[in-house]
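A.B. asks: Provided herewith is a single structure, encoded as structure tokens, for subsequent inquiry.
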Amino acid sequence: PMTEFQVAAAGPAASILLGFGFWMLQTADLGHGFTATMRALALANLAIGLFNLFPGFPLDGGRVLRGLVAERTGNRVVATRLVARVGRYTGWAVLVAGCGLVVLQEPFGFFWISVGRFLAATAIQTGRREELAVAYSGRTARSAMRPVDRAIPGSMQVATMVDTYSMGRDM
């Protein structure tokens with residue numbers, strides 16, 4: 001868990017350090033174009049670093065939080081479930097904040113609405129994928145599958161298969 005924490009924290013830390021570095025360079029006053037470029041790079045890197053620390057999958061902040069929770073609880077599945085839930089709530093909070101900005105006639109609110117929706121949806125999907133990866137760790141495909149009575153011929157076109165067969169539990 002601490003390795004996951006360290007690896008996940010490295011990306012945002014690098015972005016934030018770059019942001020501070022560019023901020024310091026912009027004070028060198030080597031011309032308006034240089035100063036404006038350094039300021040833009042500083043703000044972009046700081047924004048990326050801070051955004052990636054949002055506590056939800058698939059962002060680095062979700063992996064940082066999972067590493068800390070898994071280290072404390074000793075259970076990666078519990079930590080994954082918690083981070084997926086926190087990520088979903090964080091996404092919905094960002095979405096609501098974006099709606100508030102739109103109500104206040106701030107066009108940037110639409111950006112935050114889409115970011116919030118993205119965070120909420122991907123937190124759930126990534127959480128499920130991570131849980132399955134942990135649950136099936138070390139197992140073979142054969143041990144996870146069950147035999148079926150009917151099989152679709154390998155030479156059949158996928159479009160024909162979809163039109164012909166219902167994709168129920170036995171397929």
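By convention in this document, the chains of the structure tokens carry letters A, B, ... by their order, each chain's residues are numbered from 1, and ligands are numbered from 1 in the order they are shown.
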Which residues are close to stretch 127-134 of chain A, i.e. within 8 Å by only C-alpha atoms, leaving aside same-chain residues fewer than 5 positions away? Reply as a PyMOL selection string.
C.D. replies: chain A and resi 57+76-77+80-81+83-84
A.B. asks: For A:Val7, which residue out of A:Gly67, A:Gly33, A:Gly154, A:Gln26 is the nearest one, using only C-alpha atoms?
C.D. replies: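 Smallest distance to A:Val7 is found for A:Gly67.
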A.B. asks: Which of these residues is nearest to A:Ala9, using only C-alpha atoms: A:Gly21, A:Gly138, A:Gly62, A:Gly56?
C.D. replies: A:Gly62
